[in-house]
Amino acid sequence: MNNEEALFFSRALTELTLSFHIIYATIGVGIPLMIMIAQWVGIKKNDEHYILLARRWARGFVITVAVGVVTGTAIGLQLSLLWPNFMELAGNVIALPLFMETFAFFFEAIFLGIYLYTWDRFEDQKKHLLLLIPVALGASFSAVFITIVNAFMNAPQGFDLVDGELINVNPILAMLNPAMPTKVAHVVITAYMTSAFVLGSIAAYRLLKGSNHVYHKKALFLTMKLGLIFSIGAAIIGDFSGKYLAEYQPEKLAAAEWHFETEEGAGLILFGVLDDGEVKYEIKVPYALSILAHNDPTAEVIGLEEFAEEDIPPLYIHYLFQVMVGIGSLMILVSLIYVLGRWRQWQFVHSKNYFRLMVAGGPLAVIAIEAGWWFAEVGRQPWILRGIMRTEDAATSSGQVDLMLMLFAGLYLVLGVGSIVVLRRMFRKNPVEQEIADREKERVGDFS
Amino acid sequence: MTLEIIGISVLWLFLFGYVMIASIDFGAGFFNAYNVIFGREHVLTTVIQRYLSPVWEVTNVFLVFFFVGVIGFFPKTAFYYGTSLLVPASIAIVLLAIRGSYYAFATYGSIGHKGYTFMYGLSGLFIPASLSIVLTISEGGFIDMVNEKPVLDYFELFTSPLTWSIVVLSLAAVLYISAVFLTWYASKAGDVKATELLRKYALIWSLPTMITASGIIVELRAHNSEHFNRIVDLGWVFGLSFLLFVGTVYLLWKRRSYGVAFGLLAGQFALAFFGYGVSHYPYLLYPYLTLYDSFTNPAMAISLIIAFLMGLGLLIPSLYLVFRLFVFNKDYVQGKEDYHA
Ligand code: HDD
Ligand code: HEM
Ligand code: HEM
């Protein structure tokens, strides 16, 4: 295998592993918070349903965590196996947040074990809820730290490179790079958003399938309210991410917007296809790109013409950007209308078709996560460390990457199918109606 | 103490932690499978499940901590080990992934049949075998530099007696450590049948552990005499380790104080592990890489050490809590409490 092939397969394997891990990781970041909120609401309102909701979510969560942990271990090792040159350089500057992440994992893993095995062990439910705080913190901080590493790849700083030698390394400055604030905030809030819609999907699915239990209605209302808050947050922070790009990675923004020439008062291209370098079937919103980039309808936005051919990322990232933003906007609408509808008693939000829309919300949010990451990572190409190291110089020289790609593809297939089968069985075998009835009986038993 | 020494000591300590708790886990899976297949079902299953369920994820983090830490403190290892270990490390990852996730699937999702139990038990032996290859490679002689790139010589690796004795040692040690710990755990749970069975396994595996460990020292003499000489210089450490080994076997034989027996075993392995580590100094990979020329810059090293100290501040109380709630809690261990979600 020559080096070009090693590079190609290394990229493919990284893409595959990250795209798979990110599904479970995103859910892993958001769900502990959702469990916490449900349990808290349950304690506050003294409502068994919310407590049971928390408990059932927690059971499912264990399965997704397991897959998150093992695929995370895979990507952690693969970074060194596939990109040894990159890790050697980056290890010198950005190892600190990676190292801190392992502590976040530790913290999460320990308390998750305790939380799962202490249901009903405490007289006071609140004590049990307290155990969940470190789980949620650990999970969110894993996302924060790993995203800091990724932000560094987009806007490296905190060192000087003199004749190939790294000097004046400042790990804290490297962590506080300009990409960090928007990136971390956007990743974390979209993880919360996705988790809310994924859980909402499940509730909507049960209602669609004919269950009329208040348990599912409460679950759906709660998750849609949370989804609404987080999706609005995601859009606002996403807008800040656009402004960050305009300032620090203008080539990524320009490629995503098919903005070829530098101009003032630039318009935003929606949809469209690229045919031989010509944009067709698009909708152009005047001044919108200048507003997105600089909050000023007349501001100048840098176009692709100012960059060398070999420094421009692939132009297909436009579609990825559209998918992400499109789904984000759609989900704001879906959850807003549902919440308003419940409040103002609009009948159509209880119709089968509207349930179908909400069932789709979970998978759509996951697609938005995937599109967002592909956009961010492909948009950084040809660089692995923007301005410092090209992806092609970072890859391994090993000859067996193609075999490994097949090996891991098989692994992810097994894990993906396995986790879905197990989750379905878990909840089939123990339907919520049954569990509610059992708990009722138990309680009556206590009193007599 | 230099920063390099602090760094490697921290990492070695965590690797030791991983070796101990992962061995318990791997061995437990194997013993369980062995019994299920030969029809003595459920003698061990409850004891093993009780112990493993709340801690399996923590085990994995020890490994993650180690390899992330190595890249942090010694970034050049990414170049040498990362390039040459693609295949063995990938195989280990796949095994770890299947094992870890199917453990969760089975325990929490209650799927499970014999075939799965069997795979689970077997993977527990393949993982230490494939991970131990890294130690073999570090002894040098298996990596060649081709066009300034490290390339692993598989033929040399798999025909070397050193490789195979390290593999056998890792297997014997896994089963021995696990059996001694579980003997203690089962006796605390008051499960007489399981205790007796595990005690028997512990005694069976004690001898192969010692024999292969000694054999490796002899083989090193031919393979890497520099390392061998340093081991001889540190002879007293290994001697002490041997005495602790004798103590463990004696207590097991006499059916006395299983807790102390496990304590002695931990001491035995700690001495041997650190003795081996110290004698390996200063090489991370003979003869290409030492602690010193692969070390990160001082600014990073200091910030990693500070992060580590702060991390320990979080970790030690939390680990203490786990042990108090599950491992040292009589009611939990004996199965009187069941509060699983
Ligand atoms: C549910 C998922 C989701 C949704 C609905 C959105 N995003 Fe997003 N976006 C992500 C999930 C995501 C992400 C997966 O979290 C990314 C990928 C890398 C990153 O930093 O975050 C991302 C990256 C990302 C970037 C690139 C940042 C960079 O490369 O540094 C921009 C400019 C935006 N987003 C903007 C938006 C806007 C204006 C949205 C309006 C609704 C939006 N996103 C919705
Ligand atoms: C520590 C943080 C990260 C590192 C070191 C890293 C590293 C890399 C590398 C080396 C590549 C190969 C470049 C290429 O394929 O052209 C890449 C691409 C990619 N990464 Fe990242 N990445 C990080 C974070 C993430 C995260 C968190 C995701 C989310 C899932 C992600 C998703 C991707 C995707 C989808 C690609 C493919 C891009 C392409 O086709 O070119 N990355 N990343
Ligand atoms: C290059 C990118 C990434 C690397 C190297 C990486 C590494 C890892 C590792 C090693 C683990 C296993 C830890 C354990 O043993 O407990 C893990 C799990 C996890 N990762 Fe990733 N990860 C990456 C991307 C991400 C991203 C982008 C997020 C969040 C948005 C994330 C969030 C998590 C979470 C929350 C877990 C814990 C498992 C769970 O709760 O589901 N990771 N990751």
# chains A, B, ... in the order shown; residues from 1 in each chain; ligands from 1
$ interface_residues --of "chain B" --to "chain A" --cutoff "7 Å" --atoms "only C-alpha atoms" --output "NGL selection string"
:B and (54-55 or 57-58 or 61 or 64-65 or 68-69 or 71-72 or 75-76 or 78-79 or 82-83 or 85-86 or 93-94 or 97 or 100-101 or 104-105 or 109 or 296-297 or 299-300 or 304 or 307 or 311 or 315 or 318 or 322 or 339-341)
$ select_by_dssp --residues "region 65-187 of chain B" --states "alpha helix (DSSP H)" --output "ChimeraX atom specification"
/B:65-73,76-84,86-109,114-138,154-159,161-187
$ residues_near_ligand --ligand "ligand 1" --cutoff "6 Å" --atoms "only C-alpha atoms and all ligand atoms" --output "ChimeraX atom specification"
/A:183,186-187,190,194,234-235,238-239,241-242,324-325,327-329,365,368-369,372-373,376
$ residues_near_ligand --ligand "ligand 2" --cutoff "8 Å" --atoms "only C-alpha atoms and all ligand atoms" --output "PDB file with C-alpha atoms, in the first residue's frame"
ATOM      1  CA  PHE A   8      -7.308   7.533   2.139  1.00  0.00           C
ATOM      2  CA  SER A  10      -7.002   6.463   7.495  1.00  0.00           C
ATOM      3  CA  ARG A  11      -9.459   9.206   6.652  1.00  0.00           C
ATOM      4  CA  ALA A  12     -12.197   6.725   5.960  1.00  0.00           C
ATOM      5  CA  THR A  14     -11.497   8.132  11.225  1.00  0.00           C
ATOM      6  CA  GLU A  15     -14.692   9.318   9.608  1.00  0.00           C
ATOM      7  CA  LEU A  16     -16.394   6.015  10.291  1.00  0.00           C
ATOM      8  CA  THR A  17     -15.339   5.756  13.911  1.00  0.00           C
ATOM      9  CA  LEU A  18     -16.130   9.359  14.749  1.00  0.00           C
ATOM     10  CA  SER A  19     -19.457   9.336  12.969  1.00  0.00           C
ATOM     11  CA  PHE A  20     -20.445   6.241  14.919  1.00  0.00           C
ATOM     12  CA  HIS A  21     -19.088   7.383  18.277  1.00  0.00           C
ATOM     13  CA  ILE A  22     -20.710  10.776  18.014  1.00  0.00           C
ATOM     14  CA  ILE A  23     -24.216   9.297  18.009  1.00  0.00           C
ATOM     15  CA  LEU A  79      -5.903   8.917  16.859  1.00  0.00           C
ATOM     16  CA  LEU A  82      -3.780   6.540  12.299  1.00  0.00           C
ATOM     17  CA  TRP A  83      -2.378  10.034  12.824  1.00  0.00           C
ATOM     18  CA  PHE A  86      -0.311  14.747  14.259  1.00  0.00           C
ATOM     19  CA  MET A  87      -0.530  13.292  17.745  1.00  0.00           C
ATOM     20  CA  LEU A  98      -7.359  15.241  26.605  1.00  0.00           C
ATOM     21  CA  ILE A 146     -12.789  16.921  23.663  1.00  0.00           C
ATOM     22  CA  THR A 147     -14.328  19.855  21.856  1.00  0.00           C
ATOM     23  CA  ILE A 148     -11.527  22.079  23.115  1.00  0.00           C
ATOM     24  CA  VAL A 149      -9.086  19.730  21.395  1.00  0.00           C
ATOM     25  CA  ASN A 150     -11.111  19.966  18.226  1.00  0.00           C
ATOM     26  CA  ALA A 151     -11.310  23.767  18.534  1.00  0.00           C
ATOM     27  CA  MET A 153      -7.311  21.985  15.472  1.00  0.00           C
ATOM     28  CA  GLU A 370     -23.692  14.226  11.884  1.00  0.00           C
ATOM     29  CA  TRP A 373     -19.571  17.532  12.405  1.00  0.00           C
ATOM     30  CA  TRP A 374     -18.969  16.639   8.800  1.00  0.00           C
ATOM     31  CA  PHE A 375     -19.313  20.280   7.931  1.00  0.00           C
ATOM     32  CA  ALA A 376     -16.889  21.353  10.638  1.00  0.00           C
ATOM     33  CA  GLU A 377     -14.305  18.666   9.866  1.00  0.00           C
ATOM     34  CA  VAL A 378     -14.453  18.588   6.083  1.00  0.00           C
ATOM     35  CA  GLY A 379     -14.560  22.384   6.145  1.00  0.00           C
ATOM     36  CA  ARG A 380     -11.198  22.390   7.882  1.00  0.00           C
ATOM     37  CA  GLN A 381      -9.569  20.413   5.072  1.00  0.00           C
ATOM     38  CA  PRO A 382      -6.902  20.351   3.700  1.00  0.00           C
ATOM     39  CA  TRP A 383      -5.602  21.080   7.162  1.00  0.00           C
ATOM     40  CA  ILE A 384      -5.559  18.797  10.165  1.00  0.00           C
ATOM     41  CA  THR A 391      -3.915  16.117   6.775  1.00  0.00           C
ATOM     42  CA  GLU A 392      -1.837  14.315   4.174  1.00  0.00           C
ATOM     43  CA  ALA A 394      -0.232  13.493   9.384  1.00  0.00           C
ATOM     44  CA  ALA A 395      -1.294  10.000   8.392  1.00  0.00           C
TER      45      ALA A 395
END
$ atom_distance --atom1 "CA of Ser138 (chain B)" --atom2 "CA of Pro287 (chain B)"
8.9 Å
$ select_by_dssp --residues "region 127-170 of chain A" --states "strand (DSSP E or B)" --output "VMD selection string"
chain A and resid 160 to 162 165 to 167
$ write_last_selection --atoms "C-alpha atoms" --output "mmCIF file, in the first residue's frame"
data_model
loop_
_atom_site.group_PDB
_atom_site.id
_atom_site.type_symbol
_atom_site.label_atom_id
_atom_site.label_comp_id
_atom_site.auth_asym_id
_atom_site.auth_seq_id
_atom_site.Cartn_x
_atom_site.Cartn_y
_atom_site.Cartn_z
ATOM 1 C CA ASP A 160 5.638 28.985 18.371
ATOM 2 C CA LEU A 161 7.001 26.868 15.589
ATOM 3 C CA VAL A 162 10.600 27.760 14.780
ATOM 4 C CA GLU A 165 10.740 23.010 16.712
ATOM 5 C CA LEU A 166 7.969 23.773 19.164
ATOM 6 C CA ILE A 167 8.861 26.486 21.620
#
